[in-house]
Structure formats: structure tokens, C-alpha cells
Amino acid sequence: MSDELPGTGTAERYVASCAGEVGYLNWAALGPLSPTVRASIDAAAEALGSFSPRHHARGQSRSGDAVASLAHLLGARADEVVLSPSSTGALQHALYGVTGTVIAATADFPSITLPLQRAADLSAGRLSPRWIDPPRGWVTADAVADALDDSVTAVAVSHVDYRTGYRADLAALRELIGPERLLIVDAVQSFGVVAEDWSAADVVVGHGYKWLRAGRGTGFARFSDIARGRIAPLLSGITGTAADGPFRGEVPRPADTARAYTTSVPDHLASARLAAALDELQGVGVAEVEERVRRNADRIIDMAARHGIRVETPNEPQRRAGIVSLIPAEAEKAGGVLADAGLVVTVRGGAVRVAAHAGTSAETLDMLDTALAASGR
């Protein structure tokens, strides 16, 4: 199978930027920094290490660049987008500020379940989680419909489940819950590798340290106008007010934009990494990255079938992204065989999670094929 898609040298350069990845199939856990991102660190450090305010402004401007790129990719306005040290921090802003009943899956990633429960604990009854436990943990529209009633004000869900790789149907969830309820989405495992219509969600939260290859500290969120009207900015700090800087006397009201959901000035070094990663992504295009990731996932699913290994991830491309969850008879043993073969994967809860990126090489996939054959079923 060829690694090339017709068209651009940009795609080839993107794939080449993964050089040295042989054996690495753990992008769902950590995306090693791309060469472009590594170079951005030096440039930002040079600017921010200067004693010139002009150079400082140049280094700080990358935060604005990151917001502009995120807004473009999310199909949003720049004043709807904020940077955050983490995706969990951004979800805390959303979940601590909402009231009513929020539907979420018990098996979802703790970035959703923990803030939701802690916020409910502090809410004096104003917020209640409604936990669902759907088959396989897949948060489908049918699973949410079974829990829906007039008290529900929001649904919080991971766009791609970190365990199974199941990709939630955001359009179907939006159609089900209607405009009167919020859809809060953790897109950490999908943003940058899925060409999604993000307008279906009211809140979209992500982080650049996995598929974007931007490192930690590169979280972000989009709060729609509707979300800002229904989510109180309870955790906001000095950057989240309508005031321009420090103030005296009466505490100012929250900002009228998504800035209300911020606590402090962004880490400009982290912003530089994120901006560089987003520039790189926009250069090749999300659709092209998605197609390459899909082909690699297809091949992994096919080889698992040939070796008689059950796959927990949906076969339909529109219901998955880059994660393929394998369920061998003995996951720890299979994981050991893969590790001995030089492959990096995640073994957890009886599953072997394999995650290939757009630049994953045929050599790496061949190594996986051979190792799966040796691992048994």
C-alpha cells in the first residue's frame, strides 16, 4: 500500500516530519514534538529571553496566532476561543458553571467525569450528573435518548473514546438534544485528525500534546454564544473580566467573550508550540491527515482480523479516528510481544490500544503485523 496521496508535496513533507517514528504507535497517549514545533521553541525563547519590548511583543503574538488558527479550524470567531494550560482546566470552566442535569458516561475519560462530580458536590443541588453506562461504553444518540428528560440541560462526551476509539456522532447528538441543551465535547482524541463540523457542539475542548504534536500546556476551548449565555464563569481570573488589567474597588463583571473562562495570561512559550503545530496542520489540511490516519487504521483492523484478534473499535470510518482497540485473549502477554518487537502501544484494561498517525510508516505497520502473528489470539 502506497503512503502517498495524490496531490501535494506538503503532505509528503508532513509525513517526512515523522521520520524516526519506526515502531511508534502510541499517538493517542503522546505525540512527540514535530521538528517545526521544536524549532518554534528556540525562536520563542529567543524573543522572550530578550530585553527588548519589541521582541517580547513578537513572542507574545504567537498566542494570538494560535487563537486565530483554532478559530479557523473550529469554524468559530476568535472571541469564542481561549487558550488553556490543559483540556481538563477548560472542561472545569464549563462544568463548574453549568446547572441542571448533565448526562455523561461513567466510562468516559476522567477529564469529564471528575470535574462533573466535583462541581455537583459543590453546587448545593444546582447541578446533578446523570450517569449512563451504554454497551461498550459507546455514547450513541440512542444511549443518551434513554436518559433524556426535561431536567437535562447538557450532555458531556468525549468525541473519540480513549479506550475503544468510538467516535461519537455529534450531529446526531445535537439533533436529539435540540438547541435548548448544551453539547460539551472533549475533542482531545480527534482534533486535527478528523474533519468535523464542530458547530454541532456548544463547547469544544482540546489539547495539542497528542495528535497535534505540540506538547503539554497547549489546551484550548471554544465557547459558543449560547454556551456563554448559560455557563457562569465561576473560575475566571484577572484576564476573565471586562476590565483592562488590574483594578481597584468594585470587582468588574466577567468579559463578554470567551475570555471570561480564563484565569491568567497564556504561557507564550506553549502558545508558540501550539501555533507552529496549527500552521503545520493547516498547511497539509485536516482532510488529508484524516485520510492517511483512516488508511492506517483500516490496515490495522484488517491485520487484526487476519490474526483472529477481536477489535473493539468500530469498522465504519465515520465512527472512529486514529485509535484502534484490540482485545486479544491475553492483553498483557500480547503487549509484551509487541514491546519486544520494538513497538510502542498502550496496554490497559484487557485491551491493546494501537494509534497510528498520518506519518506512520509501512515499516512500522509491517512490524505490527509480524508481532501480532507471533502474539497469538
# chains A, B, ... in the order shown; residues from 1 in each chain; ligands from 1

call {"tool": "select_by_dssp", "arguments": {"residues": "segment 77-324 of chain A", "states": "alpha helix (DSSP H)", "output": "NGL selection string"}}
result
:A and (87-97 or 110-122 or 141-145 or 170-177 or 225-230 or 268-284 or 286-306)

call {"tool": "closest_atom_pairs", "arguments": {"of": "segment 140-234 of chain A", "to": "segment 258-276 of chain A", "cutoff": "6 Å", "atoms": "only C-alpha atoms", "output": "Markdown table"}}
result
| residue | atom | partner | partner_atom | distance |
| --- | --- | --- | --- | --- |
| A:Ala214 | CA | A:Leu274 | CA | 5.3 |
| A:Gly217 | CA | A:Ala270 | CA | 5.8 |
| A:Thr218 | CA | A:Ala270 | CA | 5.7 |
| A:Phe223 | CA | A:Ala258 | CA | 5.9 |
| A:Pro233 | CA | A:Tyr261 | CA | 5.6 |

call {"tool": "closest_residue", "arguments": {"among": "A:Arg62, A:His159, A:His357, A:Lys210", "to": "Leu33 of chain A", "atoms": "only C-alpha atoms"}}
result
A:Lys210

call {"tool": "closest_atom_pairs", "arguments": {"of": "segment 149-248 of chain A", "to": "segment 120-130 of chain A", "cutoff": "10 Å", "atoms": "only C-alpha atoms", "output": "tab-separated table"}}
result
residue	atom	partner	partner_atom	distance
A:Ser151	CA	A:Ser128	CA	9.6
A:Val152	CA	A:Arg130	CA	8.5
A:Thr153	CA	A:Leu127	CA	9.6
A:Ala154	CA	A:Pro129	CA	9.7
A:Val155	CA	A:Arg130	CA	9.3
A:Ala156	CA	A:Pro129	CA	9.9

call {"tool": "atom_distance", "arguments": {"atom1": "atom CA of Trp27 of chain A", "atom2": "atom CA of Leu91 of chain A"}}
result
21.9 Å

call {"tool": "residues_around", "arguments": {"residues": "segment 22-26 of chain A", "least_positions_apart": "4", "cutoff": "6 Å", "atoms": "only C-alpha atoms", "output": "PDB file with N, CA, C and O atoms, in the first residue's frame"}}
result
ATOM      1  N   GLY A 342       9.774  -4.025  19.494  1.00  0.00           N
ATOM      2  CA  GLY A 342      10.136  -2.630  19.277  1.00  0.00           C
ATOM      3  C   GLY A 342       8.953  -1.718  19.019  1.00  0.00           C
ATOM      4  O   GLY A 342       9.124  -0.600  18.515  1.00  0.00           O
ATOM      5  N   LEU A 343       7.757  -2.156  19.385  1.00  0.00           N
ATOM      6  CA  LEU A 343       6.549  -1.368  19.155  1.00  0.00           C
ATOM      7  C   LEU A 343       6.104  -0.689  20.445  1.00  0.00           C
ATOM      8  O   LEU A 343       6.174  -1.277  21.531  1.00  0.00           O
ATOM      9  N   VAL A 344       5.650   0.553  20.326  1.00  0.00           N
ATOM     10  CA  VAL A 344       5.169   1.323  21.472  1.00  0.00           C
ATOM     11  C   VAL A 344       3.657   1.459  21.356  1.00  0.00           C
ATOM     12  O   VAL A 344       3.147   2.102  20.429  1.00  0.00           O
ATOM     13  N   VAL A 345       2.931   0.829  22.289  1.00  0.00           N
ATOM     14  CA  VAL A 345       1.470   0.880  22.325  1.00  0.00           C
ATOM     15  C   VAL A 345       1.064   1.077  23.786  1.00  0.00           C
ATOM     16  O   VAL A 345       1.901   1.139  24.681  1.00  0.00           O
ATOM     17  N   VAL A 354      -3.787   0.682  19.906  1.00  0.00           N
ATOM     18  CA  VAL A 354      -2.835   0.990  18.845  1.00  0.00           C
ATOM     19  C   VAL A 354      -3.295   2.280  18.181  1.00  0.00           C
ATOM     20  O   VAL A 354      -4.469   2.419  17.825  1.00  0.00           O
ATOM     21  N   ALA A 355      -2.381   3.223  18.009  1.00  0.00           N
ATOM     22  CA  ALA A 355      -2.768   4.519  17.448  1.00  0.00           C
ATOM     23  C   ALA A 355      -1.711   4.979  16.455  1.00  0.00           C
ATOM     24  O   ALA A 355      -0.612   5.381  16.841  1.00  0.00           O
ATOM     25  N   ALA A 356      -2.051   4.900  15.182  1.00  0.00           N
ATOM     26  CA  ALA A 356      -1.153   5.319  14.109  1.00  0.00           C
ATOM     27  C   ALA A 356      -1.533   6.715  13.638  1.00  0.00           C
ATOM     28  O   ALA A 356      -2.708   7.071  13.578  1.00  0.00           O
ATOM     29  N   THR A 364       6.591   0.383  10.145  1.00  0.00           N
ATOM     30  CA  THR A 364       6.003   0.217  11.471  1.00  0.00           C
ATOM     31  C   THR A 364       4.797  -0.716  11.421  1.00  0.00           C
ATOM     32  O   THR A 364       4.634  -1.596  12.273  1.00  0.00           O
TER      33      THR A 364
END

call {"tool": "select_by_dssp", "arguments": {"residues": "segment 9-91 of chain A", "states": "strand (DSSP E)", "output": "PyMOL selection string"}}
result
chain A and resi 81-84

call {"tool": "atom_distance", "arguments": {"atom1": "atom CA of Arg310 of chain A", "atom2": "atom CA of Pro328 of chain A"}}
result
6.3 Å

call {"tool": "closest_residue", "arguments": {"among": "A:Ile327, A:Leu278, A:Glu46, A:Ser158", "to": "Arg213 of chain A", "atoms": "only C-alpha atoms"}}
result
A:Leu278

call {"tool": "residues_around", "arguments": {"residues": "Asp202 of chain A", "least_positions_apart": "2", "cutoff": "8 Å", "atoms": "only C-alpha atoms", "output": "list in words"}}
result
Leu182, Leu183, Ile184, Val185, Ser199, Ala200, Val204, Arg222, Phe223, Ser224, Ile226 and Ala227 of chain A

call {"tool": "atom_distance", "arguments": {"atom1": "atom CA of Arg306 of chain A", "atom2": "atom CA of Asp369 of chain A"}}
result
9.5 Å

call {"tool": "residues_around", "arguments": {"residues": "Val293 of chain A", "least_positions_apart": "5", "cutoff": "12 Å", "atoms": "only C-alpha atoms", "output": "PyMOL selection string"}}
result
chain A and resi 3+5+15+25+27+190+192-195+211+286-288+298-300+317+320-324+354-361

call {"tool": "closest_residue", "arguments": {"among": "A:Thr241, A:Gly75, A:Arg292, A:Asp225", "to": "Glu196 of chain A", "atoms": "only C-alpha atoms"}}
result
A:Gly75

call {"tool": "residues_around", "arguments": {"residues": "Asp244 of chain A", "least_positions_apart": "4", "cutoff": "12 Å", "atoms": "only C-alpha atoms", "output": "ChimeraX atom specification"}}
result
/A:238-240,248,252-255,259

call {"tool": "write_last_selection", "arguments": {"atoms": "N, CA, C and O atoms", "output": "PDB file, in the first residue's frame"}}
result
ATOM      1  N   ILE A 238      -8.013  37.236  36.513  1.00  0.00           N
ATOM      2  CA  ILE A 238      -7.825  38.629  36.118  1.00  0.00           C
ATOM      3  C   ILE A 238      -8.033  38.845  34.622  1.00  0.00           C
ATOM      4  O   ILE A 238      -8.533  39.886  34.199  1.00  0.00           O
ATOM      5  N   THR A 239      -7.713  37.857  33.811  1.00  0.00           N
ATOM      6  CA  THR A 239      -7.918  38.010  32.365  1.00  0.00           C
ATOM      7  C   THR A 239      -9.354  37.753  31.953  1.00  0.00           C
ATOM      8  O   THR A 239      -9.711  37.970  30.792  1.00  0.00           O
ATOM      9  N   GLY A 240     -10.187  37.311  32.875  1.00  0.00           N
ATOM     10  CA  GLY A 240     -11.556  36.971  32.547  1.00  0.00           C
ATOM     11  C   GLY A 240     -12.571  38.055  32.835  1.00  0.00           C
ATOM     12  O   GLY A 240     -13.773  37.809  32.781  1.00  0.00           O
ATOM     13  N   ARG A 248      -9.166  48.463  40.959  1.00  0.00           N
ATOM     14  CA  ARG A 248      -9.380  48.779  42.370  1.00  0.00           C
ATOM     15  C   ARG A 248     -10.875  48.944  42.602  1.00  0.00           C
ATOM     16  O   ARG A 248     -11.613  49.303  41.701  1.00  0.00           O
ATOM     17  N   PRO A 252     -14.928  43.916  38.734  1.00  0.00           N
ATOM     18  CA  PRO A 252     -15.630  44.084  37.450  1.00  0.00           C
ATOM     19  C   PRO A 252     -16.394  42.833  37.041  1.00  0.00           C
ATOM     20  O   PRO A 252     -16.102  41.720  37.494  1.00  0.00           O
ATOM     21  N   ARG A 253     -17.355  43.035  36.177  1.00  0.00           N
ATOM     22  CA  ARG A 253     -18.148  41.927  35.658  1.00  0.00           C
ATOM     23  C   ARG A 253     -17.273  41.049  34.751  1.00  0.00           C
ATOM     24  O   ARG A 253     -16.215  41.487  34.275  1.00  0.00           O
ATOM     25  N   PRO A 254     -17.717  39.822  34.463  1.00  0.00           N
ATOM     26  CA  PRO A 254     -16.965  38.965  33.530  1.00  0.00           C
ATOM     27  C   PRO A 254     -16.911  39.581  32.140  1.00  0.00           C
ATOM     28  O   PRO A 254     -17.779  40.372  31.749  1.00  0.00           O
ATOM     29  N   ALA A 255     -15.915  39.193  31.385  1.00  0.00           N
ATOM     30  CA  ALA A 255     -15.798  39.633  29.996  1.00  0.00           C
ATOM     31  C   ALA A 255     -16.988  39.122  29.192  1.00  0.00           C
ATOM     32  O   ALA A 255     -17.604  38.104  29.534  1.00  0.00           O
ATOM     33  N   ARG A 259     -13.173  34.977  26.773  1.00  0.00           N
ATOM     34  CA  ARG A 259     -12.111  35.344  27.711  1.00  0.00           C
ATOM     35  C   ARG A 259     -12.583  35.235  29.157  1.00  0.00           C
ATOM     36  O   ARG A 259     -11.767  35.111  30.083  1.00  0.00           O
TER      37      ARG A 259
END

call {"tool": "decode", "arguments": {"residues": "segment 154-222 of chain A", "atoms": "C-alpha atoms", "output": "CSV table (one decimal), in the first residue's frame"}}
result
chain,number,residue,atom,x,y,z
A,154,ALA,CA,-26.4,19.4,28.9
A,155,VAL,CA,-24.6,16.3,27.6
A,156,ALA,CA,-20.8,16.0,28.1
A,157,VAL,CA,-19.0,13.5,25.9
A,158,SER,CA,-15.6,12.6,24.5
A,159,HIS,CA,-15.7,12.9,20.8
A,160,VAL,CA,-13.5,9.8,20.5
A,161,ASP,CA,-13.5,7.4,23.4
A,162,TYR,CA,-9.9,6.9,24.7
A,163,ARG,CA,-10.5,3.2,25.4
A,164,THR,CA,-12.4,1.9,22.4
A,165,GLY,CA,-11.8,4.5,19.7
A,166,TYR,CA,-15.5,5.0,19.2
A,167,ARG,CA,-16.3,8.4,17.6
A,168,ALA,CA,-19.5,10.0,18.8
A,169,ASP,CA,-21.9,11.3,16.2
A,170,LEU,CA,-22.1,14.9,17.2
A,171,ALA,CA,-24.7,15.8,14.6
A,172,ALA,CA,-27.0,13.0,15.8
A,173,LEU,CA,-26.5,14.1,19.4
A,174,ARG,CA,-27.3,17.7,18.5
A,175,GLU,CA,-30.4,16.7,16.7
A,176,LEU,CA,-31.5,14.6,19.6
A,177,ILE,CA,-31.0,17.1,22.4
A,178,GLY,CA,-32.1,20.2,20.4
A,179,PRO,CA,-30.9,23.8,20.8
A,180,GLU,CA,-32.2,24.2,24.3
A,181,ARG,CA,-29.5,21.9,25.8
A,182,LEU,CA,-25.7,22.2,25.7
A,183,LEU,CA,-23.4,19.8,24.0
A,184,ILE,CA,-20.0,19.8,25.7
A,185,VAL,CA,-17.3,17.9,23.8
A,186,ASP,CA,-13.8,16.8,24.7
A,187,ALA,CA,-12.0,16.6,21.4
A,188,VAL,CA,-8.5,15.7,22.6
A,189,GLN,CA,-8.5,12.4,20.7
A,190,SER,CA,-9.9,13.8,17.4
A,191,PHE,CA,-9.0,17.4,16.9
A,192,GLY,CA,-6.5,17.7,14.0
A,193,VAL,CA,-7.2,14.2,12.6
A,194,VAL,CA,-10.9,14.4,12.0
A,195,ALA,CA,-12.6,16.9,9.6
A,196,GLU,CA,-15.6,17.5,11.8
A,197,ASP,CA,-18.3,20.1,11.8
A,198,TRP,CA,-17.6,21.5,15.2
A,199,SER,CA,-20.6,23.8,15.1
A,200,ALA,CA,-22.8,20.9,16.4
A,201,ALA,CA,-21.2,21.5,19.8
A,202,ASP,CA,-21.6,24.4,22.2
A,203,VAL,CA,-18.3,23.8,23.9
A,204,VAL,CA,-15.3,22.1,22.3
A,205,VAL,CA,-12.2,21.4,24.3
A,206,GLY,CA,-8.8,20.1,23.1
A,207,HIS,CA,-5.1,19.8,23.8
A,208,GLY,CA,-2.2,19.8,21.5
A,209,TYR,CA,0.0,17.2,23.2
A,210,LYS,CA,-1.2,14.2,21.3
A,211,TRP,CA,-2.2,14.3,17.6
A,212,LEU,CA,-1.1,17.9,17.1
A,213,ARG,CA,2.5,17.1,18.3
A,214,ALA,CA,2.6,20.4,20.2
A,215,GLY,CA,3.5,19.2,23.7
A,216,ARG,CA,1.8,19.8,27.1
A,217,GLY,CA,0.4,23.1,28.1
A,218,THR,CA,-1.4,23.7,24.8
A,219,GLY,CA,-5.0,23.3,25.8
A,220,PHE,CA,-7.8,25.3,24.2
A,221,ALA,CA,-11.6,25.7,24.2
A,222,ARG,CA,-14.3,27.2,22.1
